[in-house]
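This report refers to the structure that appears directly beneath it.
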Amino acid sequence: MLLRILDLSGIAVFAASGALVGVSKRLDIFGVCVVGVITGIGGGMIRDVLLGITPPTSLQNWPYFATAFAACLVVLVLHPEVRRIRAGVLVLDAIGVGVFATGGAGIALASGAGPLAATIIGMITAIGGGLLRDVLVNEMPLLLQRDLYAVPALLGATTVVLADALTIPESVGLAVGSVTAAGLRLLALWRGWNLPTAPRIA
Amino acid sequence: MLLRILDLSGIAVFAASGALVGVSKRLDIFGVCVVGVITGIGGGMIRDVLLGITPPTSLQNWPYFATAFAACLVVLVLHPEVRRIRAGVLVLDAIGVGVFATGGAGIALASGAGPLAATIIGMITAIGGGLLRDVLVNEMPLLLQRDLYAVPALLGATTVVLADALTIPESVGLAVGSVTAAGLRLLALWRGWNLPTAPRIA
Amino acid sequence: MLLRILDLSGIAVFAASGALVGVSKRLDIFGVCVVGVITGIGGGMIRDVLLGITPPTSLQNWPYFATAFAACLVVLVLHPEVRRIRAGVLVLDAIGVGVFATGGAGIALASGAGPLAATIIGMITAIGGGLLRDVLVNEMPLLLQRDLYAVPALLGATTVVLADALTIPESVGLAVGSVTAAGLRLLALWRGWNLPTAPRIA
């Protein structure tokens with residue numbers, strides 16, 4: 001139940017981030033909703049396609065879609081206010097990264113994916129929506145450039161796969177992984193941590 | 001039979017629109033064909049992947065692919081003339097939107113998708129090719145910005161799903177949905193209708 | 001065994017090309033690895049999704065992923081040196097195109113794809129990684145613009161499908177197709193061959 005609420009919170013926050021980008025890019029209201037919904041459920045859709053779960057879960061179960069859509073509507077009406085609570089949005093976004101990465105890895109394991117596939121698919125679940133958002137609005141994805149964003153996702157997914165390999169109960173893996181990933185993401189935001197780039201050519 | 005002709009017409013027109021964009025972007029003749037074919041059959045390929053229909057129908061049945069390819073060759077040879085009949089191309093494109101959206105929703109229902117999934121997948125069938133085209137040539141998709149393009153697609157798909165829910169014969173749903181979607185698209189073009197964008201921040 | 005080595009070499013070279021692009025774009029070290037790995041295994045992942053092979057082979061078998069990842073690390077440490085051996089990289093890349101296109105077509109036939117689908121999926125296997133790389137770093141794909149890159153891939157895949165139709169042993173088709181495709185690619189590089197673009201409007 002808690003997991004479900006966190007999952008829907010993650011979708012809502014991701015969708016809101018997509019809708020905010022759409023508003024900044026001056027998309028029309030439908031375009032804002034398309035980009036927002038894809039950002040919210042796109043990571044899970046890529047996960048499902050890679051696992052052969054068709055049609056994707058987020059289209060077969062209306063609460064996922066409805067949550068993403070509602071978040072877009074809220075942004076359309078209240079986007080100046082949403083920007084002002086940026087700190088709160090970032091915290092929810094970090095939780096979303098954790099929940100998506102661990103949940104994605106768990107679903108992959110349950111679908112018969114091996115440890116490596118489950119780890120990568122978990123990470124993709126968390127970062128896929130943001131990648132699709134940036135590709136759609138024709139931006140180079142920020143998370144590839146300097147944001148410490150994919151590493152927490154990878155860490156969360158890895159935790160779930162390790163827990164499974166060590167036959168630790170899944171709920172423990174999901175909880176520890178989500179908290180670790182969200183915590184690292186928040187720490188990175190708070191301290192301004194970035195990964196280095198490759199050294200320039202001398 | 002009529003549906004099949006409309007379906008192939010839609011593929012031809014979508015492919016031609018992709019090829020025209022490729023020509024404007026100064027792609028080489030093979031690049032023009034790649035972008036054109038993807039624009040023509042890409043929406044249906046995304047639909048098939050989301051529904052688990054593999055390999056995609058448009059690759060397993062040569063008439064789809066051949067139609068898209070032939071349209072690209074026509075554009076390569078005759079693109080100045082194709083531009084001049086822009087009005088005709090826009091009418092065919094509107095019909096393509098209607099046929100793809102309703103056909104996509106119908107195929108999704110037949111594959112076991114629920115009402116929401118069928119609606120969204122129908123819309124994706126109609127707009128997916130154009131989105132792939134714009135992403136490939138590194139443009140922000142116009143249909144997200146201001147074109148009233150996705151809304152007719154959504155309307156057409158919704159009509160088919162509603163007809164199915166009301167146990168109205170599928171052919172009626174397909175016909176009414178296609179005509180409604182194409183009609184709204186043409187009306188929007190004729191009257192210059194656009195959706196609003198979100199209000200700017202004061 | 002030789003095929004396996006060529007396959008992994010192709011993945012390594014494609015991944016290195018993606019990582020080099022990531023370094024030029026000043027991505028952080030994780031972003032460089034994400035783009036590099038996707039370039040290396042992305043074509044095969046698209047192939048698997050189109051064929052319904054889930055989870056994708058390259059995620060279920062660690063040597064593929066590990067090879068791509070190792071190539072990215074080498075580029076991160078040695079990218080000035082890697083640039084200097086550009087001629088060697090281009091030769092390996094040409095071999096990669098040949099091996100991926102023929103191998104992709106062979107896997108597609110074995111998965112029940114028809115001749116057309118196998119040809120197209122073989123070509124997509126060879127060019128898909130490069131397309132994903134360019135889309136992710138927000139560049140218009142060079143291979144659409146003027147590089148003679150997709151044509152050799154198409155030729156290699158076609159050879160395999162023809163050999164299958166003529167009941168020539170698969171190994172012969174794979175070998176002839178790979179050598180032909182790689183040879184044409186190298187010839188195009190050596191002689192500076194490009195395809196024409198469509199004539200400008202007078």
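Chain identifiers are assigned as A, B, and so on, following the order in which chains appear in the structure tokens; residues are numbered from 1 within each chain, and ligands are numbered from 1 in order of appearance.
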Distance filter 7 Å, only C-alpha atoms, chain A against chain C, as a list in words:
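The contacting residues on chain A are Leu50, Leu51, Gly52, Ala113, Gly114, Leu116, Ala117, Val135, Asn138, Glu139, Met140, Leu144, Gln145, Arg146, Leu195, Pro196, Thr197, Ala198 and Ile201 of chain A.
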Grab the residues selected above and save them as a compact mmCIF listing (two decimals), in the first residue's frame with all heavy atoms.
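Contents of the output file selection11.txt:
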# COMPACT_ATOMS: atom_id res chain seq x y z
N LEU A 50 10.75 -3.88 -22.74
CA LEU A 50 11.98 -4.70 -22.65
C LEU A 50 11.70 -6.04 -22.00
O LEU A 50 12.43 -7.01 -22.21
CB LEU A 50 13.07 -3.96 -21.87
CG LEU A 50 13.65 -2.72 -22.56
CD1 LEU A 50 14.68 -2.04 -21.66
CD2 LEU A 50 14.29 -3.08 -23.90
N LEU A 51 10.64 -6.10 -21.17
CA LEU A 51 10.32 -7.36 -20.48
C LEU A 51 9.22 -8.15 -21.19
O LEU A 51 8.85 -9.24 -20.75
CB LEU A 51 9.88 -7.06 -19.04
CG LEU A 51 10.97 -6.51 -18.11
CD1 LEU A 51 10.36 -6.06 -16.78
CD2 LEU A 51 12.05 -7.57 -17.86
N GLY A 52 8.69 -7.59 -22.27
CA GLY A 52 7.62 -8.29 -22.98
C GLY A 52 6.28 -8.24 -22.27
O GLY A 52 5.42 -9.08 -22.49
N ALA A 113 14.05 -11.85 -15.67
CA ALA A 113 15.29 -11.22 -16.10
C ALA A 113 16.43 -11.66 -15.18
O ALA A 113 16.23 -11.89 -13.99
CB ALA A 113 15.14 -9.69 -16.08
N GLY A 114 17.61 -11.78 -15.72
CA GLY A 114 18.79 -12.10 -14.94
C GLY A 114 19.24 -10.90 -14.13
O GLY A 114 18.67 -9.82 -14.24
N LEU A 116 21.93 -8.91 -14.18
CA LEU A 116 22.39 -7.73 -14.93
C LEU A 116 21.21 -7.03 -15.59
O LEU A 116 21.05 -5.81 -15.48
CB LEU A 116 23.42 -8.14 -15.99
CG LEU A 116 23.85 -7.01 -16.92
CD1 LEU A 116 24.65 -5.97 -16.17
CD2 LEU A 116 24.64 -7.55 -18.10
N ALA A 117 20.37 -7.81 -16.29
CA ALA A 117 19.22 -7.22 -16.98
C ALA A 117 18.32 -6.50 -15.99
O ALA A 117 17.84 -5.40 -16.25
CB ALA A 117 18.44 -8.30 -17.72
N VAL A 135 14.39 14.26 -25.11
CA VAL A 135 14.47 13.99 -26.54
C VAL A 135 13.29 14.64 -27.26
O VAL A 135 13.44 15.26 -28.31
CB VAL A 135 14.51 12.47 -26.81
CG1 VAL A 135 14.22 12.16 -28.27
CG2 VAL A 135 15.87 11.90 -26.42
N ASN A 138 13.67 18.27 -27.65
CA ASN A 138 14.87 18.60 -28.42
C ASN A 138 15.95 19.26 -27.57
O ASN A 138 16.58 20.24 -27.96
CB ASN A 138 14.46 19.52 -29.59
CG ASN A 138 15.45 19.45 -30.73
OD1 ASN A 138 16.20 18.48 -30.84
ND2 ASN A 138 15.48 20.47 -31.55
N GLU A 139 16.17 18.69 -26.40
CA GLU A 139 17.23 19.15 -25.51
C GLU A 139 18.21 18.00 -25.29
O GLU A 139 17.80 16.84 -25.25
CB GLU A 139 16.66 19.51 -24.12
CG GLU A 139 15.83 20.75 -24.08
CD GLU A 139 16.68 22.01 -23.99
OE1 GLU A 139 17.89 21.88 -23.69
OE2 GLU A 139 16.13 23.09 -24.23
N MET A 140 19.47 18.30 -25.09
CA MET A 140 20.38 17.24 -24.68
C MET A 140 20.07 16.91 -23.21
O MET A 140 20.03 17.81 -22.37
CB MET A 140 21.83 17.68 -24.80
CG MET A 140 22.74 16.58 -24.31
SD MET A 140 24.20 16.39 -25.32
CE MET A 140 25.13 17.78 -24.77
N LEU A 144 22.60 13.32 -18.52
CA LEU A 144 23.83 12.78 -19.09
C LEU A 144 25.00 13.75 -18.90
O LEU A 144 26.15 13.36 -18.95
CB LEU A 144 23.66 12.53 -20.59
CG LEU A 144 22.62 11.50 -21.00
CD1 LEU A 144 22.47 11.47 -22.52
CD2 LEU A 144 23.00 10.12 -20.48
N GLN A 145 24.67 15.02 -18.67
CA GLN A 145 25.71 16.03 -18.70
C GLN A 145 26.39 16.21 -17.35
O GLN A 145 27.60 16.24 -17.26
CB GLN A 145 25.12 17.37 -19.15
CG GLN A 145 24.77 17.36 -20.63
CD GLN A 145 24.03 18.61 -21.02
OE1 GLN A 145 22.80 18.66 -20.96
NE2 GLN A 145 24.75 19.64 -21.39
N ARG A 146 25.56 16.38 -16.30
CA ARG A 146 26.24 16.59 -15.04
C ARG A 146 25.43 16.24 -13.81
O ARG A 146 25.98 16.13 -12.72
CB ARG A 146 26.75 18.02 -14.92
CG ARG A 146 25.69 19.05 -15.12
CD ARG A 146 26.32 20.43 -15.18
NE ARG A 146 25.35 21.38 -15.66
CZ ARG A 146 24.30 21.82 -14.95
NH1 ARG A 146 24.11 21.41 -13.72
NH2 ARG A 146 23.44 22.67 -15.46
N LEU A 195 29.41 14.41 -11.08
CA LEU A 195 30.48 13.53 -11.53
C LEU A 195 31.43 14.36 -12.40
O LEU A 195 31.02 15.33 -13.02
CB LEU A 195 29.92 12.38 -12.37
CG LEU A 195 29.21 11.27 -11.61
CD1 LEU A 195 28.69 10.24 -12.60
CD2 LEU A 195 30.15 10.60 -10.62
N PRO A 196 32.69 13.96 -12.44
CA PRO A 196 33.62 14.67 -13.32
C PRO A 196 33.34 14.34 -14.79
O PRO A 196 32.70 13.35 -15.10
CB PRO A 196 34.99 14.13 -12.91
CG PRO A 196 34.71 12.79 -12.33
CD PRO A 196 33.35 12.87 -11.71
N THR A 197 33.81 15.20 -15.68
CA THR A 197 33.82 14.87 -17.10
C THR A 197 35.22 14.34 -17.43
O THR A 197 36.13 14.41 -16.61
CB THR A 197 33.53 16.11 -17.96
OG1 THR A 197 34.51 17.10 -17.64
CG2 THR A 197 32.15 16.66 -17.69
N ALA A 198 35.37 13.78 -18.62
CA ALA A 198 36.69 13.30 -19.02
C ALA A 198 37.62 14.50 -19.16
O ALA A 198 37.18 15.60 -19.49
CB ALA A 198 36.58 12.54 -20.34
N ILE A 201 41.48 17.31 -23.88
CA ILE A 201 42.71 16.94 -24.57
C ILE A 201 43.71 18.06 -24.40
O ILE A 201 43.39 19.23 -24.60
CB ILE A 201 42.44 16.70 -26.07
CG1 ILE A 201 41.40 15.61 -26.22
CG2 ILE A 201 43.71 16.36 -26.81
CD1 ILE A 201 40.86 15.50 -27.61
>> Need to verify the contact set: range 1-16 of chain B, 9 Å, only C-alpha atoms, exclusion of same-chain residues closer than 2 positions in sequence. Can you return it as a PyMOL selection string?
In response: chain B and resi 18-21+33+35-41+63-65+67-75+82+89-90+92-100+103+129-130+175
Q. Residues of chain C in helix (DSSP H, G or I) according to DSSP, as an MDAnalysis selection string?
A. chainID C and resid 2:24 29:51 57:60 62:84 86:110 115:136 142:145 150:165 170:191
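Residues within 8 Å of Tyr149 in chain A, counting only C-alpha atoms and excluding same-chain residues fewer than 3 positions away, are Ile127, Leu143, Pro152, Ala153 and Arg185 of chain A.
For Trp190 in chain A, the non-local neighbours within 12 Å, defined as residues at least 3 positions apart in the same chain or in other chains and counting only C-alpha atoms, are Ala87, Leu90, Val91, Ala94, Leu148, Gly183, Leu184, Arg185, Leu186, Leu187, Trp193 and Asn194 of chain A.
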For the residues selected in the previous step, produce a file with all heavy atoms as a tab-separated table (two decimals), in the first residue's frame.
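Done, and the output landed in out34.tsv:
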chain	number	residue	atom	x	y	z
A	87	ALA	N	11.73	23.18	-4.05
A	87	ALA	CA	12.42	22.30	-3.11
A	87	ALA	C	11.59	21.05	-2.84
A	87	ALA	O	12.09	19.93	-2.87
A	87	ALA	CB	12.69	23.05	-1.80
A	90	LEU	N	11.69	18.70	-5.78
A	90	LEU	CA	12.95	17.96	-5.89
A	90	LEU	C	13.01	16.79	-4.92
A	90	LEU	O	13.54	15.73	-5.25
A	90	LEU	CB	14.14	18.90	-5.67
A	90	LEU	CG	14.44	19.84	-6.84
A	90	LEU	CD1	15.55	20.82	-6.46
A	90	LEU	CD2	14.83	19.05	-8.07
A	91	VAL	N	12.45	16.98	-3.72
A	91	VAL	CA	12.42	15.88	-2.76
A	91	VAL	C	11.55	14.74	-3.29
A	91	VAL	O	11.95	13.57	-3.29
A	91	VAL	CB	11.90	16.36	-1.38
A	91	VAL	CG1	11.65	15.18	-0.47
A	91	VAL	CG2	12.89	17.33	-0.76
A	94	ALA	N	13.29	12.91	-6.04
A	94	ALA	CA	14.32	11.98	-5.54
A	94	ALA	C	13.67	10.69	-5.05
A	94	ALA	O	14.18	9.58	-5.30
A	94	ALA	CB	15.12	12.63	-4.41
A	148	LEU	N	23.89	14.30	-10.94
A	148	LEU	CA	24.08	12.98	-10.32
A	148	LEU	C	22.68	12.36	-10.16
A	148	LEU	O	22.05	12.50	-9.10
A	148	LEU	CB	24.79	13.11	-8.98
A	148	LEU	CG	25.35	11.79	-8.44
A	148	LEU	CD1	26.55	11.36	-9.26
A	148	LEU	CD2	25.74	11.92	-6.99
A	183	GLY	N	18.14	8.94	-0.91
A	183	GLY	CA	19.07	9.64	-0.02
A	183	GLY	C	20.28	10.16	-0.78
A	183	GLY	O	20.69	11.32	-0.61
A	184	LEU	N	20.87	9.32	-1.62
A	184	LEU	CA	22.04	9.76	-2.38
A	184	LEU	C	21.68	10.90	-3.32
A	184	LEU	O	22.43	11.88	-3.47
A	184	LEU	CB	22.62	8.59	-3.18
A	184	LEU	CG	23.78	8.93	-4.12
A	184	LEU	CD1	24.96	9.53	-3.34
A	184	LEU	CD2	24.25	7.70	-4.89
A	185	ARG	N	20.49	10.80	-3.94
A	185	ARG	CA	20.06	11.86	-4.84
A	185	ARG	C	19.90	13.19	-4.08
A	185	ARG	O	20.33	14.26	-4.56
A	185	ARG	CB	18.73	11.46	-5.50
A	185	ARG	CG	18.07	12.52	-6.33
A	185	ARG	CD	18.78	12.77	-7.64
A	185	ARG	NE	18.24	13.93	-8.35
A	185	ARG	CZ	18.99	14.87	-8.88
A	185	ARG	NH1	20.31	14.81	-8.82
A	185	ARG	NH2	18.44	15.89	-9.52
A	186	LEU	N	19.29	13.12	-2.90
A	186	LEU	CA	19.08	14.35	-2.12
A	186	LEU	C	20.41	14.92	-1.65
A	186	LEU	O	20.64	16.13	-1.67
A	186	LEU	CB	18.16	14.06	-0.94
A	186	LEU	CG	16.69	13.84	-1.31
A	186	LEU	CD1	15.90	13.39	-0.09
A	186	LEU	CD2	16.10	15.13	-1.90
A	187	LEU	N	21.29	14.02	-1.23
A	187	LEU	CA	22.62	14.45	-0.78
A	187	LEU	C	23.35	15.15	-1.92
A	187	LEU	O	24.00	16.20	-1.72
A	187	LEU	CB	23.40	13.21	-0.33
A	187	LEU	CG	24.46	13.35	0.76
A	187	LEU	CD1	23.87	13.95	2.02
A	187	LEU	CD2	25.05	11.97	1.07
A	193	TRP	N	26.84	17.87	-5.59
A	193	TRP	CA	27.78	16.89	-6.14
A	193	TRP	C	27.54	16.65	-7.62
A	193	TRP	O	26.40	16.45	-8.04
A	193	TRP	CB	27.63	15.54	-5.43
A	193	TRP	CG	28.23	15.51	-4.07
A	193	TRP	CD1	29.10	16.42	-3.54
A	193	TRP	CD2	27.99	14.54	-3.06
A	193	TRP	NE1	29.42	16.06	-2.25
A	193	TRP	CE2	28.75	14.90	-1.93
A	193	TRP	CE3	27.22	13.38	-2.99
A	193	TRP	CZ2	28.76	14.16	-0.76
A	193	TRP	CZ3	27.22	12.64	-1.83
A	193	TRP	CH2	27.99	13.02	-0.72
A	194	ASN	N	28.60	16.61	-8.37
A	194	ASN	CA	28.52	16.21	-9.77
A	194	ASN	C	29.60	15.18	-10.03
A	194	ASN	O	30.60	15.11	-9.31
A	194	ASN	CB	28.78	17.41	-10.69
A	194	ASN	CG	27.64	18.39	-10.67
A	194	ASN	OD1	26.49	17.99	-10.75
A	194	ASN	ND2	27.96	19.66	-10.55
re CA of Thr119 in chain B and CA of Ala157 in chain B: distance 5.1 Å
(Q) Can you pull out the residues contacting Gly177 in chain A? Cut-off 10 Å, using only C-alpha atoms, and skip same-chain residues under 2 positions away; I want them as an MDAnalysis selection string. (A) chainID A and resid 98:99 101:103 152:163 171:175 179:183
re CA of Gly128 in chain B and CA of Leu131 in chain A: distance 16.9 Å
What's around Arg47 in chain B at 8 Å? Count only C-alpha atoms, leave out sequence neighbours fewer than 3 positions away in its own chain, and write the answer as a PyMOL selection string.
chain B and resi 43-44+50-51+104+108+121-122+124-125
For all heavy atoms, I'd like the residues from the last selection saved as a PDB file, in the first residue's frame.
ATOM      1  N   GLY B  43       4.497   4.768 -36.679  1.00  0.00           N
ATOM      2  CA  GLY B  43       3.396   4.767 -35.716  1.00  0.00           C
ATOM      3  C   GLY B  43       2.847   3.359 -35.525  1.00  0.00           C
ATOM      4  O   GLY B  43       2.602   2.917 -34.401  1.00  0.00           O
ATOM      5  N   GLY B  44       2.676   2.639 -36.625  1.00  0.00           N
ATOM      6  CA  GLY B  44       2.195   1.263 -36.531  1.00  0.00           C
ATOM      7  C   GLY B  44       3.204   0.335 -35.870  1.00  0.00           C
ATOM      8  O   GLY B  44       2.816  -0.611 -35.179  1.00  0.00           O
ATOM      9  N   LEU B  50       4.060  -2.103 -28.561  1.00  0.00           N
ATOM     10  CA  LEU B  50       3.322  -1.947 -27.301  1.00  0.00           C
ATOM     11  C   LEU B  50       2.306  -3.078 -27.107  1.00  0.00           C
ATOM     12  O   LEU B  50       1.928  -3.385 -25.976  1.00  0.00           O
ATOM     13  CB  LEU B  50       2.594  -0.596 -27.265  1.00  0.00           C
ATOM     14  CG  LEU B  50       3.497   0.639 -27.172  1.00  0.00           C
ATOM     15  CD1 LEU B  50       2.659   1.909 -27.198  1.00  0.00           C
ATOM     16  CD2 LEU B  50       4.349   0.607 -25.899  1.00  0.00           C
ATOM     17  N   LEU B  51       1.873  -3.684 -28.222  1.00  0.00           N
ATOM     18  CA  LEU B  51       0.883  -4.764 -28.116  1.00  0.00           C
ATOM     19  C   LEU B  51       1.531  -6.147 -28.156  1.00  0.00           C
ATOM     20  O   LEU B  51       0.841  -7.167 -28.043  1.00  0.00           O
ATOM     21  CB  LEU B  51      -0.138  -4.651 -29.257  1.00  0.00           C
ATOM     22  CG  LEU B  51      -1.068  -3.439 -29.201  1.00  0.00           C
ATOM     23  CD1 LEU B  51      -1.881  -3.334 -30.483  1.00  0.00           C
ATOM     24  CD2 LEU B  51      -1.999  -3.527 -27.984  1.00  0.00           C
ATOM     25  N   GLY B 104      -5.694   1.779 -35.277  1.00  0.00           N
ATOM     26  CA  GLY B 104      -4.808   1.423 -34.169  1.00  0.00           C
ATOM     27  C   GLY B 104      -5.597   1.029 -32.931  1.00  0.00           C
ATOM     28  O   GLY B 104      -5.279   0.040 -32.249  1.00  0.00           O
ATOM     29  N   ALA B 108      -5.719  -2.669 -31.194  1.00  0.00           N
ATOM     30  CA  ALA B 108      -5.383  -2.792 -29.778  1.00  0.00           C
ATOM     31  C   ALA B 108      -6.485  -3.542 -29.025  1.00  0.00           C
ATOM     32  O   ALA B 108      -6.194  -4.443 -28.219  1.00  0.00           O
ATOM     33  CB  ALA B 108      -5.161  -1.404 -29.165  1.00  0.00           C
ATOM     34  N   ILE B 121      -3.128   3.919 -27.406  1.00  0.00           N
ATOM     35  CA  ILE B 121      -2.350   3.274 -28.466  1.00  0.00           C
ATOM     36  C   ILE B 121      -2.879   3.697 -29.844  1.00  0.00           C
ATOM     37  O   ILE B 121      -2.102   3.881 -30.780  1.00  0.00           O
ATOM     38  CB  ILE B 121      -2.349   1.742 -28.265  1.00  0.00           C
ATOM     39  CG1 ILE B 121      -1.480   1.396 -27.048  1.00  0.00           C
ATOM     40  CG2 ILE B 121      -1.838   1.017 -29.508  1.00  0.00           C
ATOM     41  CD1 ILE B 121      -1.518  -0.057 -26.627  1.00  0.00           C
ATOM     42  N   GLY B 122      -4.186   3.894 -29.955  1.00  0.00           N
ATOM     43  CA  GLY B 122      -4.719   4.421 -31.215  1.00  0.00           C
ATOM     44  C   GLY B 122      -4.149   5.796 -31.520  1.00  0.00           C
ATOM     45  O   GLY B 122      -3.704   6.072 -32.644  1.00  0.00           O
ATOM     46  N   ILE B 124      -1.355   7.038 -30.405  1.00  0.00           N
ATOM     47  CA  ILE B 124       0.083   6.900 -30.693  1.00  0.00           C
ATOM     48  C   ILE B 124       0.299   6.399 -32.124  1.00  0.00           C
ATOM     49  O   ILE B 124       1.240   6.814 -32.806  1.00  0.00           O
ATOM     50  CB  ILE B 124       0.735   5.944 -29.677  1.00  0.00           C
ATOM     51  CG1 ILE B 124       0.742   6.569 -28.283  1.00  0.00           C
ATOM     52  CG2 ILE B 124       2.146   5.579 -30.108  1.00  0.00           C
ATOM     53  CD1 ILE B 124       1.244   5.635 -27.193  1.00  0.00           C
ATOM     54  N   THR B 125      -0.583   5.500 -32.587  1.00  0.00           N
ATOM     55  CA  THR B 125      -0.454   5.007 -33.963  1.00  0.00           C
ATOM     56  C   THR B 125      -0.499   6.170 -34.955  1.00  0.00           C
ATOM     57  O   THR B 125       0.242   6.193 -35.942  1.00  0.00           O
ATOM     58  CB  THR B 125      -1.593   4.018 -34.281  1.00  0.00           C
ATOM     59  OG1 THR B 125      -1.634   3.019 -33.272  1.00  0.00           O
ATOM     60  CG2 THR B 125      -1.393   3.356 -35.631  1.00  0.00           C
TER      61      THR B 125
END
